[in-house]
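The structure under discussion appears below in the form of structure tokens.
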Amino acid sequence: MVQQHIKICVKENNEQLDKLVKRAGIKKKVTMHIARHSFGNISGDKIPVQMLQKLYRHSSITTTIGYQANFIYKDADDALDSVIG
């Protein structure tokens, strides 16, 4: 019952997001899932992990750290940039 309600809400949110994306002239597919990952990527190491936990609404900081680990590569990116130029 709860899962079905969540599925319906996500679908409705994605439909509304699709309308906004089209109005903004964005040609790429955007969903709430993609938007969440984009936010994670953009925030990188700029927002403290405790604040991200609140924003993501994760009950465990471990979940947030695991989620953000996919996006925090600043040191590696800087190292590669220094080599590649």
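Going by the structure tokens order, chains are called A, B, ..., each with residues numbered from 1, while ligands are numbered from 1 in the order shown.
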
Spatial neighbours of Gln50 of chain A, max dist 12 Å, only C-alpha atoms, sep filter under 4 positions, as a ChimeraX atom specification: /A:45-46,54-65,68

Residue set, chain A restricted to helix (DSSP H, G or I), as a count of residues only: 61

Within 8 Å of segment 32-38 of chain A using only C-alpha atoms, minus same-chain residues under 6 positions, as a count of residues only: 4

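The nearest approach to Ala69 of chain A among the residues A:Cys9, A:Val49, A:Ile84, A:Met1, with only C-alpha atoms taken into account, belongs to A:Val49.
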
Close residues, Ser43 of chain A itself excluded, 9 Å, only C-alpha atoms, min 6 positions apart in chain, as a list in words: Leu52, Gln68, Phe71 and Ile72 of chain A

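As for atom CA of Gln53 of chain A and atom CA of Ile26 of chain A, they are spaced 28.9 Å apart.
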